[in-house]
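*Asks:* Have a peek at upload00.cif (mmCIF, C-alpha atoms).
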```
data_structure
#
loop_
_atom_site.label_atom_id
_atom_site.label_comp_id
_atom_site.auth_asym_id
_atom_site.auth_seq_id
_atom_site.Cartn_x
_atom_site.Cartn_y
_atom_site.Cartn_z
CA MET A 1 0.00 0.00 0.00
CA PRO A 2 1.62 3.30 -1.03
CA THR A 3 2.05 6.01 1.56
CA LYS A 4 1.32 9.68 1.10
CA LYS A 5 3.93 12.37 1.34
CA PRO A 6 4.47 13.76 4.84
CA GLN A 7 2.50 16.83 5.87
CA SER A 8 5.47 19.17 5.80
CA ARG A 9 8.65 19.35 3.75
CA ILE A 10 10.38 21.34 6.50
CA VAL A 11 9.74 19.00 9.41
CA ASP A 12 9.80 15.70 7.57
CA HIS A 13 8.67 13.42 10.40
CA PRO A 14 6.71 14.02 13.64
CA ASN A 15 9.78 12.90 15.62
CA THR A 16 12.35 14.97 13.73
CA SER A 17 13.12 16.94 16.89
CA ALA A 18 14.30 13.81 18.74
CA PRO A 19 18.03 14.07 19.48
CA LEU A 20 20.47 12.37 17.11
CA ARG A 21 21.38 9.75 19.73
CA VAL A 22 17.71 8.71 19.81
CA TRP A 23 17.56 8.33 16.04
CA ALA A 24 20.84 6.37 16.14
CA ARG A 25 19.32 3.92 18.62
CA LEU A 26 16.13 3.62 16.57
CA LEU A 27 17.85 3.16 13.23
CA TRP A 28 20.95 1.17 14.11
CA GLY A 29 20.52 -0.07 17.66
CA GLN A 30 17.87 -2.68 16.85
CA ASP A 31 18.37 -5.84 14.81
CA GLY A 32 15.93 -6.20 11.96
CA VAL A 33 14.93 -2.56 11.47
CA ARG A 34 15.21 -1.80 7.77
CA VAL A 35 14.37 1.53 6.24
CA ALA A 36 12.42 1.09 3.02
CA PRO A 37 14.32 2.35 -0.08
CA GLN A 38 11.68 4.98 -0.82
CA HIS A 39 12.23 6.50 2.66
CA ARG A 40 16.03 6.72 2.69
CA GLY A 41 16.02 10.31 1.51
CA ARG A 42 13.52 11.11 4.21
CA VAL A 43 15.83 9.61 6.84
CA ARG A 44 18.64 11.87 5.67
CA ARG A 45 16.35 14.90 6.01
CA ILE A 46 15.27 13.78 9.49
CA LEU A 47 18.89 13.45 10.62
CA LEU A 48 19.76 16.83 9.15
CA GLY A 49 16.78 18.43 10.87
CA SER A 50 17.70 16.87 14.20
CA ALA A 51 21.29 18.04 13.84
CA LEU A 52 20.18 21.60 13.13
CA MET A 53 18.26 21.59 16.42
CA VAL A 54 21.33 20.77 18.53
CA PRO A 55 22.07 24.46 19.34
CA LEU A 56 18.45 24.97 20.45
CA ARG A 57 18.67 22.05 22.87
CA LEU A 58 21.95 23.35 24.28
CA ILE A 59 20.58 26.88 24.74
CA GLU A 60 17.49 25.51 26.48
CA LYS A 61 19.59 23.46 28.87
CA MET A 62 21.89 26.37 29.69
CA ARG A 63 19.05 28.84 30.15
CA TYR A 64 16.45 26.69 31.92
CA GLY A 65 18.26 23.58 33.17
CA ARG A 66 18.56 24.76 36.77
CA ALA A 67 15.03 26.15 36.86
CA VAL A 68 13.62 22.83 35.65
CA ALA A 69 15.69 20.89 38.18
CA ARG A 70 14.40 23.12 41.01
CA THR A 71 10.77 22.84 39.93
CA LYS A 72 8.58 21.11 42.50
CA ILE A 73 5.54 19.10 41.46
CA ALA A 74 3.34 20.42 44.25
CA HIS A 75 0.08 19.05 42.85
CA PRO A 76 -0.23 15.36 41.89
CA PRO A 77 -0.83 14.99 38.14
CA ILE A 78 -4.20 13.89 36.82
CA PHE A 79 -3.79 11.12 34.23
CA ILE A 80 -6.55 10.52 31.68
CA ILE A 81 -6.27 6.89 30.63
CA GLY A 82 -8.12 4.41 28.43
CA HIS A 83 -7.49 2.63 25.17
CA ALA A 84 -6.77 4.81 22.14
CA ARG A 85 -9.93 6.06 20.43
CA SER A 86 -12.02 5.72 23.61
CA GLY A 87 -12.62 9.46 23.93
CA THR A 88 -9.46 10.38 25.83
CA THR A 89 -8.82 13.45 23.66
CA HIS A 90 -12.39 14.73 24.03
CA LEU A 91 -12.20 14.36 27.81
CA HIS A 92 -8.76 16.01 27.82
CA TYR A 93 -9.97 18.99 25.81
CA LEU A 94 -13.01 19.37 28.08
CA LEU A 95 -11.24 19.11 31.42
CA THR A 96 -8.36 21.39 30.49
CA ARG A 97 -10.69 24.26 29.67
CA ASP A 98 -10.74 24.75 33.42
CA PRO A 99 -8.15 27.51 34.00
CA GLN A 100 -6.89 25.92 37.23
CA PHE A 101 -5.16 23.18 35.21
CA ALA A 102 -2.00 23.12 33.09
CA ILE A 103 -1.15 20.87 30.14
CA VAL A 104 1.52 19.44 27.90
CA SER A 105 0.71 21.36 24.73
CA LEU A 106 1.25 20.40 21.12
CA LEU A 107 4.31 22.68 21.10
CA GLN A 108 5.69 21.01 24.21
CA SER A 109 5.16 17.50 22.88
CA THR A 110 6.65 18.31 19.47
CA VAL A 111 9.85 19.99 20.68
CA PRO A 112 10.10 18.97 24.36
CA THR A 113 13.85 19.53 24.53
CA PHE A 114 13.65 23.23 23.63
CA PHE A 115 10.05 24.44 23.85
CA LEU A 116 10.82 26.82 26.73
CA ILE A 117 13.01 28.94 24.45
CA GLY A 118 10.66 28.20 21.53
CA ARG A 119 7.55 29.98 22.75
CA GLY A 120 8.18 32.94 20.45
CA TRP A 121 9.34 32.74 16.84
CA ILE A 122 9.77 28.95 16.87
CA LYS A 123 6.14 28.47 17.88
CA ARG A 124 4.98 30.92 15.22
CA PHE A 125 7.09 29.18 12.60
CA MET A 126 5.74 25.76 13.55
CA ALA A 127 2.17 27.03 13.60
CA LYS A 128 2.51 27.98 9.94
CA GLN A 129 3.43 24.38 9.08
CA LEU A 130 0.60 22.88 11.11
CA LYS A 131 -2.52 21.41 9.57
CA PRO A 132 -5.66 22.82 11.27
CA LYS A 133 -7.08 19.40 12.15
CA ARG A 134 -5.85 15.94 13.09
CA PRO A 135 -5.79 13.60 10.08
CA GLN A 136 -7.55 10.74 11.84
CA ASP A 137 -10.63 12.53 13.18
CA ASP A 138 -10.69 16.24 12.24
CA VAL A 139 -10.18 17.36 15.86
CA LYS A 140 -8.81 20.91 15.94
CA LEU A 141 -5.05 21.35 16.28
CA ALA A 142 -3.16 24.38 17.58
CA MET A 143 0.24 24.79 19.18
CA ASP A 144 -1.25 25.77 22.56
CA LEU A 145 -3.89 23.04 22.69
CA PRO A 146 -3.37 19.90 24.81
CA ASN A 147 -1.52 16.95 23.37
CA GLU A 148 -0.32 13.55 24.56
CA GLU A 149 2.83 13.66 26.64
CA GLU A 150 3.66 10.34 24.98
CA PHE A 151 4.76 12.31 21.93
CA ALA A 152 7.07 14.32 24.17
CA ILE A 153 8.58 11.04 25.38
CA ALA A 154 9.04 9.95 21.75
CA ASN A 155 10.68 13.28 20.88
CA SER A 156 13.03 12.95 23.85
CA SER A 157 13.96 9.27 23.77
CA GLU A 158 13.56 5.92 22.03
CA LEU A 159 11.56 4.69 25.06
CA SER A 160 8.09 5.24 23.60
CA ASN A 161 5.48 3.08 21.98
CA VAL A 162 4.91 5.89 19.46
CA HIS A 163 7.92 4.63 17.53
CA PHE A 164 6.02 1.57 16.33
CA LEU A 165 4.31 3.92 13.87
CA THR A 166 7.73 4.47 12.31
CA PHE A 167 8.89 0.86 12.63
CA PRO A 168 5.77 -1.36 12.73
CA SER A 169 7.89 -4.50 12.55
CA ARG A 170 8.77 -3.72 16.19
CA ALA A 171 5.15 -3.13 17.27
CA ILE A 172 4.86 -6.08 19.65
CA GLU A 173 8.27 -5.43 21.20
CA TYR A 174 7.59 -1.70 21.69
CA PHE A 175 4.14 -2.43 23.11
CA GLU A 176 5.55 -4.77 25.75
CA LYS A 177 8.54 -2.62 26.63
CA TYR A 178 7.14 0.90 26.46
CA VAL A 179 3.44 0.50 27.31
CA PHE A 180 3.84 -2.02 30.13
CA LEU A 181 7.51 -1.18 30.80
CA ARG A 182 8.34 -4.88 30.85
CA GLY A 183 11.79 -6.22 30.08
CA LEU A 184 13.59 -2.92 30.46
CA THR A 185 17.07 -2.92 31.92
CA ASP A 186 17.55 -0.99 35.15
CA ARG A 187 19.28 1.70 33.13
CA GLN A 188 16.42 1.95 30.64
CA GLN A 189 13.86 2.13 33.45
CA ALA A 190 15.83 4.88 35.15
CA ARG A 191 16.03 6.79 31.87
CA TRP A 192 12.28 6.43 31.29
CA ASP A 193 11.63 7.73 34.81
CA ALA A 194 13.94 10.67 34.17
CA VAL A 195 12.34 11.50 30.81
CA ILE A 196 8.73 11.55 32.10
CA THR A 197 9.77 13.47 35.22
CA ASP A 198 11.59 16.06 33.13
CA ILE A 199 8.56 16.48 30.84
CA ILE A 200 6.26 16.94 33.81
CA LYS A 201 8.62 19.38 35.53
CA LYS A 202 8.95 21.46 32.38
CA ALA A 203 5.18 21.51 31.88
CA THR A 204 4.73 22.51 35.53
CA LEU A 205 7.24 25.32 35.11
CA ALA A 206 5.55 26.52 31.91
CA GLY A 207 2.15 26.24 33.61
CA ASP A 208 3.11 28.40 36.58
CA GLY A 209 2.93 25.51 38.99
CA LYS A 210 -0.67 24.53 38.23
CA GLN A 211 -1.89 20.95 38.49
CA LEU A 212 -1.26 19.06 35.27
CA VAL A 213 -3.89 17.11 33.37
CA LEU A 214 -2.08 14.60 31.18
CA LYS A 215 -3.45 12.19 28.59
CA SER A 216 -1.84 9.13 27.07
CA PRO A 217 -3.50 5.79 26.30
CA SER A 218 -0.12 4.13 26.95
CA ASN A 219 -0.36 5.17 30.60
CA THR A 220 -3.23 2.70 30.96
CA GLY A 221 -0.58 -0.01 31.12
CA ARG A 222 1.79 1.87 33.45
CA ILE A 223 -0.30 2.45 36.55
CA PRO A 224 2.18 0.77 38.96
CA HIS A 225 5.07 2.84 37.59
CA LEU A 226 3.15 6.11 37.66
CA LEU A 227 2.14 5.46 41.26
CA ARG A 228 5.76 4.72 42.10
CA LEU A 229 6.75 8.14 40.77
CA PHE A 230 3.62 10.02 41.83
CA PRO A 231 1.95 8.14 44.74
CA ASN A 232 -0.93 10.62 45.01
CA ALA A 233 -1.64 10.85 41.28
CA LYS A 234 -5.27 10.87 40.20
CA PHE A 235 -6.64 8.85 37.30
CA ILE A 236 -9.68 9.17 35.07
CA HIS A 237 -10.42 6.10 32.96
CA ILE A 238 -12.73 6.42 29.97
CA ALA A 239 -14.30 3.41 28.27
CA ARG A 240 -16.11 3.27 24.94
CA ASN A 241 -18.08 0.67 23.04
CA PRO A 242 -15.36 -1.79 21.95
CA CYS A 243 -16.87 -2.01 18.46
CA ASP A 244 -16.28 1.72 17.96
CA VAL A 245 -12.80 1.41 19.42
CA TYR A 246 -11.88 -1.36 16.98
CA TYR A 247 -12.90 0.52 13.83
CA SER A 248 -11.54 3.86 14.96
CA THR A 249 -8.17 2.44 16.05
CA ASN A 250 -7.65 0.70 12.72
CA HIS A 251 -8.54 3.91 10.89
CA THR A 252 -6.16 5.94 13.07
CA PHE A 253 -3.24 3.57 12.47
CA ARG A 254 -3.73 3.84 8.71
CA LYS A 255 -3.70 7.64 8.91
CA MET A 256 -0.74 7.81 11.26
CA PHE A 257 1.41 5.45 9.19
CA GLU A 258 1.17 8.02 6.40
CA LEU A 259 2.98 10.51 8.65
CA PHE A 260 5.47 8.30 10.50
CA LEU A 261 6.33 5.23 8.44
CA LEU A 262 9.95 4.53 7.43
CA GLU A 263 9.59 0.81 6.75
CA GLU A 264 7.51 -0.93 4.13
CA HIS A 265 3.79 -0.54 4.83
CA PRO A 266 2.66 -3.32 7.19
CA GLY A 267 -0.72 -3.76 5.53
CA ASP A 268 -3.60 -4.92 7.70
CA PHE A 269 -2.94 -4.20 11.37
CA SER A 270 -6.22 -5.45 12.82
CA ASP A 271 -4.71 -8.46 14.59
CA PHE A 272 -2.41 -6.16 16.54
CA VAL A 273 -5.41 -3.99 17.46
CA ILE A 274 -7.33 -6.99 18.77
CA THR A 275 -4.51 -8.52 20.79
CA GLY A 276 -3.30 -5.14 22.05
CA TYR A 277 -6.73 -4.04 23.28
CA LYS A 278 -7.21 -7.31 25.15
CA ALA A 279 -3.80 -7.10 26.84
CA LEU A 280 -4.18 -3.42 27.80
CA MET A 281 -7.71 -3.63 29.15
CA GLU A 282 -7.04 -6.80 31.12
CA GLN A 283 -3.99 -5.14 32.66
CA TYR A 284 -6.02 -2.06 33.59
CA LEU A 285 -8.71 -4.15 35.28
CA LYS A 286 -5.97 -5.80 37.32
CA ASP A 287 -4.01 -2.64 38.17
CA ARG A 288 -6.84 -0.26 39.03
CA ALA A 289 -7.04 -1.84 42.49
CA LEU A 290 -3.60 -0.30 43.17
CA ILE A 291 -4.97 3.24 42.91
CA PRO A 292 -5.79 4.69 46.35
CA GLU A 293 -9.44 5.25 47.16
CA GLY A 294 -10.61 8.65 45.97
CA ASN A 295 -7.97 8.88 43.24
CA LEU A 296 -9.80 7.04 40.44
CA ALA A 297 -12.87 8.13 38.48
CA GLU A 298 -14.35 6.09 35.64
CA VAL A 299 -16.59 7.36 32.85
CA LYS A 300 -18.11 5.99 29.67
CA TYR A 301 -17.68 7.94 26.46
CA GLU A 302 -21.35 7.67 25.57
CA ASP A 303 -22.36 9.15 28.95
CA LEU A 304 -19.85 11.96 28.53
CA ILE A 305 -21.31 12.80 25.11
CA SER A 306 -24.92 12.72 26.28
CA ASP A 307 -24.37 14.66 29.55
CA PRO A 308 -20.93 16.28 29.58
CA LEU A 309 -21.60 18.70 32.43
CA GLY A 310 -23.17 16.07 34.64
CA GLU A 311 -20.35 13.59 34.06
CA LEU A 312 -17.63 16.16 34.60
CA GLU A 313 -19.22 17.39 37.81
CA ARG A 314 -19.32 13.77 38.99
CA ILE A 315 -15.61 13.35 38.11
CA TYR A 316 -14.68 16.50 40.05
CA ALA A 317 -16.56 15.17 43.09
CA ALA A 318 -15.10 11.66 42.82
CA LEU A 319 -11.54 13.01 42.73
CA GLY A 320 -12.06 15.75 45.28
CA LEU A 321 -11.30 18.50 42.77
CA SER A 322 -12.35 22.04 43.60
CA GLY A 323 -13.18 24.81 41.18
CA TRP A 324 -16.18 23.35 39.35
CA GLU A 325 -18.59 26.18 40.20
CA SER A 326 -15.96 28.90 40.43
CA GLY A 327 -14.64 28.63 36.89
CA GLY A 328 -14.45 25.15 35.46
CA LYS A 329 -18.12 24.72 34.59
CA GLN A 330 -18.46 28.01 32.71
CA ALA A 331 -15.26 27.50 30.73
CA ILE A 332 -16.43 24.04 29.68
CA VAL A 333 -19.87 25.35 28.70
CA GLU A 334 -18.21 27.92 26.45
CA TYR A 335 -16.00 25.26 24.86
CA LEU A 336 -18.94 22.92 24.23
CA SER A 337 -20.66 25.66 22.24
CA THR A 338 -17.72 25.71 19.81
CA ILE A 339 -17.90 21.98 18.96
CA SER A 340 -21.65 21.49 18.69
CA ASP A 341 -21.42 20.70 14.97
CA TYR A 342 -18.59 18.15 15.24
CA GLN A 343 -19.26 14.92 13.34
CA LYS A 344 -17.68 11.60 14.32
CA ASN A 345 -16.27 9.21 11.73
CA THR A 346 -18.50 6.38 10.57
CA PHE A 347 -17.25 2.98 9.42
CA GLU A 348 -18.52 0.09 7.33
CA PRO A 349 -19.26 -2.90 9.61
CA ASP A 350 -17.05 -5.98 9.27
CA PRO A 351 -19.07 -9.03 10.46
CA ALA A 352 -16.01 -11.28 10.72
CA ALA A 353 -14.14 -8.76 12.89
CA MET A 354 -17.22 -8.19 15.06
CA GLU A 355 -17.55 -11.92 15.63
CA ARG A 356 -13.92 -12.14 16.70
CA ILE A 357 -13.94 -9.19 19.10
CA ALA A 358 -17.27 -10.33 20.57
CA ARG A 359 -15.40 -13.49 21.53
CA GLU A 360 -11.96 -12.15 22.47
CA TRP A 361 -13.14 -8.91 24.07
CA ARG A 362 -16.10 -10.44 25.86
CA PHE A 363 -14.70 -9.40 29.24
CA ALA A 364 -14.76 -5.74 28.15
CA PHE A 365 -18.33 -5.87 26.85
CA GLU A 366 -19.37 -7.37 30.18
CA GLU A 367 -17.28 -5.05 32.37
CA TRP A 368 -18.63 -1.86 30.83
CA ASN A 369 -22.07 -3.20 29.90
CA TYR A 370 -21.95 -2.95 26.11
CA ASP A 371 -23.83 -5.13 23.66
CA PRO A 372 -21.43 -6.81 21.20
CA LEU A 373 -24.29 -7.33 18.74
CA VAL A 374 -25.05 -3.62 18.32
CA LYS A 375 -24.67 -2.58 14.66
CA LEU A 376 -22.62 0.60 14.43
#
```
What is this file in structure tokens?

*Replies:*
Amino acid sequence: MPTKKPQSRIVDHPNTSAPLRVWARLLWGQDGVRVAPQHRGRVRRILLGSALMVPLRLIEKMRYGRAVARTKIAHPPIFIIGHARSGTTHLHYLLTRDPQFAIVSLLQSTVPTFFLIGRGWIKRFMAKQLKPKRPQDDVKLAMDLPNEEEFAIANSSELSNVHFLTFPSRAIEYFEKYVFLRGLTDRQQARWDAVITDIIKKATLAGDGKQLVLKSPSNTGRIPHLLRLFPNAKFIHIARNPCDVYYSTNHTFRKMFELFLLEEHPGDFSDFVITGYKALMEQYLKDRALIPEGNLAEVKYEDLISDPLGELERIYAALGLSGWESGGKQAIVEYLSTISDYQKNTFEPDPAAMERIAREWRFAFEEWNYDPLVKL
């Protein structure tokens, strides 16, 4: 299957800003990773782009290194979790309209190693290259809007599941190592801890010390590690009809491969979607018992769509969050008025796939009370 040209000729890959040592580990530190011939020129442009950013990273470290190191995370982060395409972005956009919260923005996740010095002309330059909407679902994009901190991890290190979009032949390995953090060496684990802590400290510094609301589906598999780093962290899990999740995840992978891929196209990826969902959701159902009482709220996407204010007020109460009446509610009402005409993607049903997920994902249909026979 042919891939489309990347969105921008200037930044030739979403992870171009990753340091050269990261690209060296991705390209040459793994056996079996082969860049497709049609992408070799693109790799050269990626390496050139990363090299040109070296001075920016050095300036950032010299100017802000001590300030970041001194930054205290006074408020435990709030992690929005759930499988990809379960409504995590919608919930993230809603909750972070509340001015008491801070975020990891699209700018921060794209250039995490120098965004503090990049909030002027660099941000304006990048904004000109940015498409107005996400390719997979037409959700609005802007440099100051929230984004997944997972992309900041991917643009800081090789220790991110995001890199399977570039090298899908490593998908299973990356999923095990960087979603569940299994099989890492002590050194790799320490580096992952340092990377996520640095991202959170920088976002806290940029957000004037406010409580962070973070969103990454990968964090659904990392609850024990996040609690180790942030014992009082709060979690919001969002579930969605597994049938919707299946179709939307497959669609998203196809769109994202067009932006990231450096190998030959992997073709159908539905088996990975099915096995990955099962592994992630089963792990969540096991690990949620580790979260202290009062630090976990659960919501269903369909309930959030039908009664957003009611569900968000319930989440605030469940997590002991203040500020709902004093500012959060009104800001969210104003945001909702701007997305009233948003249309979700629709997909052609696949009876064979539905039969398989009804069988293999039965536990999820039962846990969240969905009917596997519903025609979408």

*Asks:* Within 7 Å of A:Asn155, counting all atoms listed in the file, which residues show up once you throw out same-chain ones fewer than 5 positions away? Write them as a PyMOL selection string, please.

*Replies:* chain A and resi 15+17-18+110-112

*Asks:* Go ahead and dump the residues you just picked, C-alpha atoms, as a PDB file, in the frame of the given file.

*Replies:*
```pdb
ATOM      1  CA  ASN A  15       9.780  12.900  15.620  1.00  0.00           C
ATOM      2  CA  SER A  17      13.120  16.940  16.890  1.00  0.00           C
ATOM      3  CA  ALA A  18      14.300  13.810  18.740  1.00  0.00           C
ATOM      4  CA  THR A 110       6.650  18.310  19.470  1.00  0.00           C
ATOM      5  CA  VAL A 111       9.850  19.990  20.680  1.00  0.00           C
ATOM      6  CA  PRO A 112      10.100  18.970  24.360  1.00  0.00           C
TER       7      PRO A 112
END
```

*Asks:* Would you mind reading off the distance between atom CA of A:Asp198 and atom CA of A:Lys72, one decimal, in Å?

*Replies:* 11.1 Å

*Asks:* Identify which of the residues A:Arg44, A:Arg66, A:Arg57, A:Arg240 lies closest to A:Asp371, counting only C-alpha atoms when measuring atom-to-atom distances.

*Replies:*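 Residue with the minimum atom-to-atom distance to A:Asp371: A:Arg240.
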
*Asks:* Please compute the atom CA of A:Asp193-atom CA of A:Phe175 distance, one decimal, in Å.

*Replies:*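 Going from atom CA of A:Asp193 over to atom CA of A:Phe175, I get 17.2 Å.
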
*Asks:* Please measure the separation of atom CA of A:Arg124 and atom CA of A:Leu107, giving the value in Å to one decimal.

*Replies:*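 The value is 10.1 Å.
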
*Asks:* Name every residue that the PyMOL selection byres ((chain A and resi 88) around 9) selects in this structure, writing the answer as a ChimeraX atom specification with chains first and numbers rising.

*Replies:* /A:80-87,89-93,215-217,237-239,301

*Asks:* I need the residue set behind the PyMOL selection byres ((chain A and resi 320) around 12) for this file; please write it as an mmCIF file with C-alpha atoms, in the coordinates of the input.

*Replies:*
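Contents of the output file selection33.cif:
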```cif
data_model
loop_
_atom_site.group_PDB
_atom_site.id
_atom_site.type_symbol
_atom_site.label_atom_id
_atom_site.label_comp_id
_atom_site.auth_asym_id
_atom_site.auth_seq_id
_atom_site.Cartn_x
_atom_site.Cartn_y
_atom_site.Cartn_z
ATOM 1 C CA ILE A 78 -4.200 13.890 36.820
ATOM 2 C CA LYS A 234 -5.270 10.870 40.200
ATOM 3 C CA PHE A 235 -6.640 8.850 37.300
ATOM 4 C CA GLU A 293 -9.440 5.250 47.160
ATOM 5 C CA GLY A 294 -10.610 8.650 45.970
ATOM 6 C CA ASN A 295 -7.970 8.880 43.240
ATOM 7 C CA LEU A 296 -9.800 7.040 40.440
ATOM 8 C CA ALA A 297 -12.870 8.130 38.480
ATOM 9 C CA GLU A 313 -19.220 17.390 37.810
ATOM 10 C CA ARG A 314 -19.320 13.770 38.990
ATOM 11 C CA ILE A 315 -15.610 13.350 38.110
ATOM 12 C CA TYR A 316 -14.680 16.500 40.050
ATOM 13 C CA ALA A 317 -16.560 15.170 43.090
ATOM 14 C CA ALA A 318 -15.100 11.660 42.820
ATOM 15 C CA LEU A 319 -11.540 13.010 42.730
ATOM 16 C CA LEU A 321 -11.300 18.500 42.770
ATOM 17 C CA SER A 322 -12.350 22.040 43.600
ATOM 18 C CA GLY A 323 -13.180 24.810 41.180
ATOM 19 C CA TRP A 324 -16.180 23.350 39.350
#
```

*Asks:* So which residues get picked by the PyMOL selection byres ((chain A and resi 360) around 12) here, written as a PDB file with C-alpha atoms, in the coordinates of the input?

*Replies:*
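See part_37.pdb below for the written result:
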```
ATOM      1  CA  PRO A 242     -15.360  -1.790  21.950  1.00  0.00           C
ATOM      2  CA  CYS A 243     -16.870  -2.010  18.460  1.00  0.00           C
ATOM      3  CA  ASP A 271      -4.710  -8.460  14.590  1.00  0.00           C
ATOM      4  CA  VAL A 273      -5.410  -3.990  17.460  1.00  0.00           C
ATOM      5  CA  ILE A 274      -7.330  -6.990  18.770  1.00  0.00           C
ATOM      6  CA  THR A 275      -4.510  -8.520  20.790  1.00  0.00           C
ATOM      7  CA  GLY A 276      -3.300  -5.140  22.050  1.00  0.00           C
ATOM      8  CA  TYR A 277      -6.730  -4.040  23.280  1.00  0.00           C
ATOM      9  CA  LYS A 278      -7.210  -7.310  25.150  1.00  0.00           C
ATOM     10  CA  ALA A 279      -3.800  -7.100  26.840  1.00  0.00           C
ATOM     11  CA  MET A 281      -7.710  -3.630  29.150  1.00  0.00           C
ATOM     12  CA  GLU A 282      -7.040  -6.800  31.120  1.00  0.00           C
ATOM     13  CA  ALA A 353     -14.140  -8.760  12.890  1.00  0.00           C
ATOM     14  CA  MET A 354     -17.220  -8.190  15.060  1.00  0.00           C
ATOM     15  CA  GLU A 355     -17.550 -11.920  15.630  1.00  0.00           C
ATOM     16  CA  ARG A 356     -13.920 -12.140  16.700  1.00  0.00           C
ATOM     17  CA  ILE A 357     -13.940  -9.190  19.100  1.00  0.00           C
ATOM     18  CA  ALA A 358     -17.270 -10.330  20.570  1.00  0.00           C
ATOM     19  CA  ARG A 359     -15.400 -13.490  21.530  1.00  0.00           C
ATOM     20  CA  TRP A 361     -13.140  -8.910  24.070  1.00  0.00           C
ATOM     21  CA  ARG A 362     -16.100 -10.440  25.860  1.00  0.00           C
ATOM     22  CA  PHE A 363     -14.700  -9.400  29.240  1.00  0.00           C
ATOM     23  CA  ALA A 364     -14.760  -5.740  28.150  1.00  0.00           C
ATOM     24  CA  PHE A 365     -18.330  -5.870  26.850  1.00  0.00           C
ATOM     25  CA  GLU A 366     -19.370  -7.370  30.180  1.00  0.00           C
ATOM     26  CA  PRO A 372     -21.430  -6.810  21.200  1.00  0.00           C
TER      27      PRO A 372
END
```

*Asks:* Using only C-alpha atoms, determine which residues lie at most 6 Å from A:Thr166, disregarding the query and same-chain residues fewer than 6 positions distant; provide the list as a VMD selection string.

*Replies:* chain A and resid 260 to 262

*Asks:* Using 3 Å of padding on each side, determine the axis-aligned box around all atoms of stretch 350-367 of chain A present in the file and give its centre and edge lengths in Å to one decimal, as JSON.

*Replies:*
```
{"center_x": -15.7, "center_y": -9.3, "center_z": 20.8, "size_x": 13.4, "size_y": 14.4, "size_z": 29.1}
```

*Asks:* So, counting all atoms listed in the file, which residue among A:Asn219, A:Glu298, A:Leu130, A:Leu145 is closest to A:Ser160?

*Replies:*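 Using all atoms listed in the file, the shortest distance to A:Ser160 belongs to A:Asn219.
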
*Asks:* Find the residues near A:Asp287: any atom within 8 Å, counting only C-alpha atoms, skip ones fewer than 4 places away on the same chain, and give them as JSON, numbers by chain.

*Replies:* {"A": [223, 224, 283, 291]}

*Asks:* Show which residues sit within 9 Å of A:Arg222, as a PyMOL selection string. Count all atoms listed in the file, and ignore same-chain residues fewer than 3 positions away.

*Replies:* chain A and resi 178-181+218-219+225-227+284+287

*Asks:* Tell me which protein, DNA and RNA residues are within 12 Å of A:Lys61, counting all atoms listed in the file, leaving out same-chain ones fewer than 4 positions away, and put them as a PyMOL selection string.

*Replies:* chain A and resi 54-57+65-69+112-117+198+202

*Asks:* Residues as selected, C-alpha atoms, written as a JSON list (two decimals), in the coordinates of the input, can you do that?

*Replies:*
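Done, and the output landed in again10.json:
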```json
[["chain", "number", "residue", "atom", "x", "y", "z"],
["A", 54, "VAL", "CA", 21.33, 20.77, 18.53],
["A", 55, "PRO", "CA", 22.07, 24.46, 19.34],
["A", 56, "LEU", "CA", 18.45, 24.97, 20.45],
["A", 57, "ARG", "CA", 18.67, 22.05, 22.87],
["A", 65, "GLY", "CA", 18.26, 23.58, 33.17],
["A", 66, "ARG", "CA", 18.56, 24.76, 36.77],
["A", 67, "ALA", "CA", 15.03, 26.15, 36.86],
["A", 68, "VAL", "CA", 13.62, 22.83, 35.65],
["A", 69, "ALA", "CA", 15.69, 20.89, 38.18],
["A", 112, "PRO", "CA", 10.10, 18.97, 24.36],
["A", 113, "THR", "CA", 13.85, 19.53, 24.53],
["A", 114, "PHE", "CA", 13.65, 23.23, 23.63],
["A", 115, "PHE", "CA", 10.05, 24.44, 23.85],
["A", 116, "LEU", "CA", 10.82, 26.82, 26.73],
["A", 117, "ILE", "CA", 13.01, 28.94, 24.45],
["A", 198, "ASP", "CA", 11.59, 16.06, 33.13],
["A", 202, "LYS", "CA", 8.95, 21.46, 32.38]]
```

*Asks:* From the options A:Glu263, A:Arg97, A:Leu312, A:Ile196, which residue's atoms come nearest to A:Arg42, counting all atoms listed in the file?

*Replies:*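 Selected residue with least distance to A:Arg42: A:Glu263.
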
*Asks:* Taking all atoms listed in the file into account, name the residue in A:Thr16, A:Thr346, A:Ser156, A:Ser105 that is nearest to A:Asp244.

*Replies:* A:Thr346

*Asks:* When distances are computed from only C-alpha atoms, which of A:Gln100, A:Thr338, A:Ser248, A:Ser50 shows the smallest separation from A:Gln211?

*Replies:*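 Closest to A:Gln211 of all the choices is A:Gln100.
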